[in-house]
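Chemist: Quick one: structure below, then a few questions.
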Amino acid sequence: MTVWDDLVGQERVSEQLAAAARDADAFVTAAASDEPPPEASRMTHAWLFTGPPGAGRNQAARAFAAALQCVSPDRALGGAPGCGFCDGCHTALVGTHADVSTVAAVGAEILVKDMRDTVRKSFTAPANGRWQVILVEDAERLNEKSANAVLKAVEEPAPRTVWLLCAPSVEDVLPTIRSRCRHLVLSTPSVDAVADMLVRREGIEPDVAASVARATQGHVDRARRLATDPDARARRAAVLKLPLRVEDVGGALRAAQELVDAAAEDAKQLAEEMDGKETEDLKAALGAAQGGRLPRGTAGVVKDLEDMQKRRRTRTQRDSLDVALADLTSFYRDVLALQLGSRIALANTDAEDALERLARSSTPESTLRRIEAIAACGEALDRNVAPLLAVEAMTMALRAG
């Protein structure tokens, strides 16, 4: 198994990254010839991975990071870097490699204080690995200050430092940053490719794999979660019933409240799993006895952790709502397909009765207005409108049609 095996439906990108990893390996081992490598495979210090949600941007970047850190002895015999088994590959893939730093948005933005130590580290030589790799999973969430910090680091990087930035589209990244990156575009994997991956890698039954791959329209992570998590399937089933519950004002408001409550419960469950352990680990690191008081001068560090945890809860709730909005959009897309007599395959075949009922009782124009209302809800959440207000406005618009 190589590091590229988890990149579903991204063969072209895998080939480009594998070629770049070979050139990077030749550079580090001083085995490259005097001739420059082909432009298509030349290694560079900054990469920008873009593509729709679920295409595998972060997985592609992490696979590339693993290939750059590969220490397989097979390389000396002509083997390609990225074996997937050596210590360099394994630790990079699981996130424990000392020279692979990952930055992800905890809240709505990546703050400059979240980037400061990472930017400083980017100017140092690798401690153990072959490259110093900085992976920014949510580059679209860099705010002005943190983006400027990244720009300065990307403009004049250390010789053995590589920046890997991931974002939905090239427009989500500052022009001054993206102009210094090699751009790779990932595409949405086909439903068949995702279903095949679930069968081979997760041991999912073929019928179930095909159903969840179709329901998520090629979103790899969501398909995997639906296939393996009964709670995720239950939440999706509840969301798909919402269009039939907004026939009156009371039903619309109750549906909105339940949707927001479910997202808040997701955030609460994650907090219960992570916050307590993080807090205890920090207190122990600061020298506090079990159940005892913190040493003088350390309260600010604990407050910073609490602020981070609060931002993470907000982000988790928002992510859960994003999934629900995507499911609703998919539902009304199927309604519109039925109304227009389209031959495209329905995504939500498990809700076909509800789809046909709404298709008969409404017009294509009203379905389009409902899809626009869902998009408007997402935009309101982006502007930090209170979740309940944004979702209530959406459910009332769904009722009006």
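As shown in the structure tokens, the chain order sets the letters A, B, ...; within each chain, residues go from 1, and ligands are also counted from 1 in the order they appear.
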Neighbouring residues of region 6-11 of chain A were defined as those with any atom within 7 Å, considering only C-alpha atoms; residues of the same chain fewer than 2 positions away were excluded. Please report them as a compact mmCIF listing (two decimals) with C-alpha atoms, in the first residue's frame.
Modeler:
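The resulting part.txt:
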# COMPACT_ATOMS: atom_id res chain seq x y z
CA TRP A 4 -1.47 7.51 -2.68
CA VAL A 13 -2.93 14.53 -9.08
CA SER A 14 -1.27 11.44 -7.59
CA GLU A 15 0.99 11.14 -10.63
CA GLY A 56 -9.63 14.83 -0.58
CA GLN A 59 -5.55 13.68 2.22
CA ALA A 60 -3.62 14.56 -0.93
CA LEU A 186 -8.79 17.95 -7.29
CA PRO A 189 -14.65 11.43 -7.17
CA SER A 190 -17.27 9.42 -8.99
CA ALA A 193 -15.04 5.13 -7.10
CA VAL A 194 -16.17 6.07 -3.59
Chemist: Would you please give, as number ranges by chain, all residues of region 9-109 of chain A that DSSP assigns to strand (DSSP E or B) based on the backbone?
Modeler: A: 46-50, 100-103
Chemist: Between A:Ala158, A:Val170, A:Ala256, A:Ala108, single out the one closest to Asn143 (chain A), counting only C-alpha atoms.
Modeler: A:Ala108
Chemist: Please report, as a PyMOL selection string, each residue of region 160-400 of chain A to which DSSP assigns alpha helix (DSSP H) when run on this structure's backbone.
Modeler: chain A and resi 175-178+191-202+206-216+220-228+230-241+249-286+299-340+352-361+364-382+387-400
Chemist: Residues near Ala67 (chain A), anyone? I mean within 12 Å using only C-alpha atoms, not counting same-chain ones fewer than 4 positions away, as number ranges by chain.
Modeler: A: 2-4, 14, 17-25, 60-63, 71-72, 75, 79-93, 100, 129-131, 133
Chemist: Excluding Asn58 (chain A) and any residue of its chain fewer than 6 positions from it, enumerate the residues within 8 Å of it, using only C-alpha atoms, and give them as a list in words.
Modeler: Phe49, Glu137 and Cys166 of chain A
Chemist: Could you give me, as CSV, every region 6-112 of chain A residue with an atom at most 7 Å from region 213-228 of chain A, plus its closest atom pair and distance in Å to one decimal, counting only C-alpha atoms, rows ordered by chain then number?
Modeler:
residue,atom,partner,partner_atom,distance
A:Pro53,CA,A:His219,CA,6.6
A:Gly54,CA,A:His219,CA,3.9
A:Ala55,CA,A:His219,CA,6.4
Chemist: I need the residue nearest Arg383 (chain A) from this list: A:Arg254, A:Arg369, A:Arg318, A:Arg399. Use only C-alpha atoms for the distance.
Modeler: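 Smallest distance to Arg383 (chain A) is found for A:Arg318.
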Chemist: Name all residues at most 12 Å from Pro175 (chain A) (count only C-alpha atoms; drop same-chain ones fewer than 5 positions away) and give them as a compact mmCIF listing (two decimals) with N, CA, C and O atoms, in the first residue's frame.
Modeler:
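Done, and the output landed in result.txt:
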# COMPACT_ATOMS: atom_id res chain seq x y z
N LEU A 48 -0.61 24.59 -3.59
CA LEU A 48 -1.99 24.93 -3.25
C LEU A 48 -2.91 23.85 -3.80
O LEU A 48 -2.98 23.64 -5.01
N GLU A 140 -8.42 28.84 3.46
CA GLU A 140 -9.45 29.86 3.21
C GLU A 140 -9.88 30.57 4.48
O GLU A 140 -10.53 31.62 4.43
N ALA A 147 -2.76 35.50 7.28
CA ALA A 147 -2.40 35.34 5.87
C ALA A 147 -1.11 36.10 5.55
O ALA A 147 -0.26 35.61 4.80
N ASN A 148 -0.97 37.28 6.12
CA ASN A 148 0.26 38.04 5.90
C ASN A 148 1.48 37.33 6.49
O ASN A 148 2.58 37.38 5.92
N LEU A 151 2.32 34.67 4.08
CA LEU A 151 2.91 35.24 2.86
C LEU A 151 4.40 35.50 3.05
O LEU A 151 5.21 35.18 2.17
N SER A 169 -11.22 26.73 -3.27
CA SER A 169 -10.95 27.27 -4.60
C SER A 169 -9.77 28.23 -4.52
O SER A 169 -9.41 28.71 -3.44
N VAL A 170 -9.20 28.52 -5.67
CA VAL A 170 -8.04 29.42 -5.71
C VAL A 170 -8.43 30.82 -5.27
O VAL A 170 -7.62 31.57 -4.72
N ARG A 180 2.54 32.37 -5.57
CA ARG A 180 3.81 31.75 -5.19
C ARG A 180 3.69 30.25 -5.00
O ARG A 180 4.62 29.61 -4.53
N CYS A 181 2.52 29.70 -5.33
CA CYS A 181 2.27 28.27 -5.13
C CYS A 181 2.06 27.57 -6.46
O CYS A 181 1.56 28.16 -7.43
Chemist: I'd like the neighbourhood of Glu379 (chain A) as a VMD selection string, where a residue qualifies if any of its atoms comes within 12 Å (using only C-alpha atoms), though same-chain residues fewer than 3 positions away should be ignored.
Modeler: chain A and resid 318 322 325 372 to 376 382 to 387 390 to 391 394
Chemist: Emit the selected residues as a compact mmCIF listing (two decimals), in the first residue's frame, including all heavy atoms.
Modeler:
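File result-v2.txt, as written:
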# COMPACT_ATOMS: atom_id res chain seq x y z
N ARG A 318 -21.13 24.63 13.56
CA ARG A 318 -21.28 25.15 12.20
C ARG A 318 -21.05 24.05 11.17
O ARG A 318 -21.77 23.95 10.17
CB ARG A 318 -20.29 26.30 11.99
CG ARG A 318 -20.20 26.78 10.56
CD ARG A 318 -21.56 27.33 10.09
NE ARG A 318 -21.65 27.25 8.65
CZ ARG A 318 -21.17 28.15 7.80
NH1 ARG A 318 -20.56 29.22 8.27
NH2 ARG A 318 -21.32 28.02 6.51
N ASP A 322 -23.57 22.74 8.32
CA ASP A 322 -23.19 22.69 6.91
C ASP A 322 -23.57 21.36 6.28
O ASP A 322 -24.03 21.30 5.13
CB ASP A 322 -21.67 22.91 6.76
CG ASP A 322 -21.28 24.37 6.87
OD1 ASP A 322 -22.18 25.24 6.77
OD2 ASP A 322 -20.09 24.65 7.07
N LEU A 325 -27.31 21.34 5.72
CA LEU A 325 -27.68 22.17 4.57
C LEU A 325 -27.33 21.47 3.25
O LEU A 325 -28.08 21.56 2.28
CB LEU A 325 -26.96 23.52 4.65
CG LEU A 325 -27.31 24.42 5.83
CD1 LEU A 325 -26.58 25.76 5.72
CD2 LEU A 325 -28.81 24.65 5.95
N GLU A 372 -32.33 28.29 -3.09
CA GLU A 372 -31.71 29.60 -2.83
C GLU A 372 -31.81 29.95 -1.34
O GLU A 372 -30.89 30.55 -0.78
CB GLU A 372 -32.39 30.67 -3.67
CG GLU A 372 -32.08 30.56 -5.16
CD GLU A 372 -32.94 31.49 -6.00
OE1 GLU A 372 -33.85 32.14 -5.43
OE2 GLU A 372 -32.71 31.55 -7.23
N ALA A 373 -32.91 29.58 -0.69
CA ALA A 373 -33.06 29.86 0.75
C ALA A 373 -32.04 29.09 1.57
O ALA A 373 -31.51 29.60 2.57
CB ALA A 373 -34.48 29.51 1.20
N ILE A 374 -31.74 27.87 1.15
CA ILE A 374 -30.72 27.08 1.86
C ILE A 374 -29.35 27.73 1.69
O ILE A 374 -28.57 27.83 2.64
CB ILE A 374 -30.71 25.63 1.33
CG1 ILE A 374 -32.07 24.96 1.59
CG2 ILE A 374 -29.60 24.82 1.99
CD1 ILE A 374 -32.25 23.63 0.87
N ALA A 375 -29.06 28.19 0.46
CA ALA A 375 -27.78 28.87 0.22
C ALA A 375 -27.69 30.15 1.04
O ALA A 375 -26.63 30.48 1.60
CB ALA A 375 -27.62 29.17 -1.26
N ALA A 376 -28.80 30.88 1.15
CA ALA A 376 -28.82 32.11 1.93
C ALA A 376 -28.57 31.83 3.41
O ALA A 376 -27.92 32.63 4.11
CB ALA A 376 -30.15 32.83 1.75
N ASP A 382 -22.11 32.22 7.62
CA ASP A 382 -20.76 32.73 7.34
C ASP A 382 -20.56 34.13 7.93
O ASP A 382 -19.45 34.50 8.30
CB ASP A 382 -20.50 32.78 5.84
CG ASP A 382 -20.14 31.42 5.26
OD1 ASP A 382 -19.68 30.56 6.04
OD2 ASP A 382 -20.33 31.22 4.05
N ARG A 383 -21.64 34.89 7.99
CA ARG A 383 -21.57 36.25 8.53
C ARG A 383 -21.79 36.28 10.04
O ARG A 383 -21.99 37.32 10.63
CB ARG A 383 -22.61 37.15 7.85
CG ARG A 383 -22.41 37.32 6.35
CD ARG A 383 -23.26 38.46 5.81
NE ARG A 383 -24.67 38.28 6.10
CZ ARG A 383 -25.53 37.64 5.31
NH1 ARG A 383 -25.08 37.09 4.18
NH2 ARG A 383 -26.80 37.50 5.64
N ASN A 384 -21.77 35.09 10.66
CA ASN A 384 -21.92 34.95 12.12
C ASN A 384 -23.30 35.36 12.63
O ASN A 384 -23.44 35.80 13.77
CB ASN A 384 -20.84 35.76 12.86
CG ASN A 384 -19.46 35.16 12.66
OD1 ASN A 384 -19.30 33.95 12.62
ND2 ASN A 384 -18.46 36.02 12.54
N VAL A 385 -24.32 35.22 11.79
CA VAL A 385 -25.69 35.37 12.27
C VAL A 385 -25.97 34.22 13.25
O VAL A 385 -25.49 33.11 13.07
CB VAL A 385 -26.68 35.33 11.09
CG1 VAL A 385 -28.12 35.30 11.57
CG2 VAL A 385 -26.45 36.52 10.15
N ALA A 386 -26.73 34.51 14.29
CA ALA A 386 -27.06 33.47 15.27
C ALA A 386 -27.67 32.27 14.55
O ALA A 386 -28.58 32.44 13.72
CB ALA A 386 -28.04 34.02 16.30
N PRO A 387 -27.17 31.05 14.81
CA PRO A 387 -27.64 29.87 14.07
C PRO A 387 -29.15 29.70 14.06
O PRO A 387 -29.74 29.41 13.01
CB PRO A 387 -26.95 28.71 14.79
CG PRO A 387 -25.69 29.30 15.32
CD PRO A 387 -26.06 30.70 15.73
N ALA A 390 -30.81 32.18 11.65
CA ALA A 390 -30.54 31.84 10.26
C ALA A 390 -31.36 30.63 9.82
O ALA A 390 -31.94 30.62 8.72
CB ALA A 390 -29.05 31.58 10.07
N VAL A 391 -31.43 29.61 10.66
CA VAL A 391 -32.15 28.40 10.28
C VAL A 391 -33.66 28.63 10.30
O VAL A 391 -34.39 28.10 9.45
CB VAL A 391 -31.75 27.23 11.21
CG1 VAL A 391 -32.55 25.98 10.87
CG2 VAL A 391 -30.26 26.93 11.07
N MET A 394 -34.60 30.20 7.13
CA MET A 394 -34.59 29.21 6.05
C MET A 394 -35.84 28.35 6.07
O MET A 394 -36.48 28.14 5.01
CB MET A 394 -33.35 28.33 6.18
CG MET A 394 -33.26 27.25 5.11
SD MET A 394 -32.00 25.97 5.47
CE MET A 394 -32.79 25.09 6.85
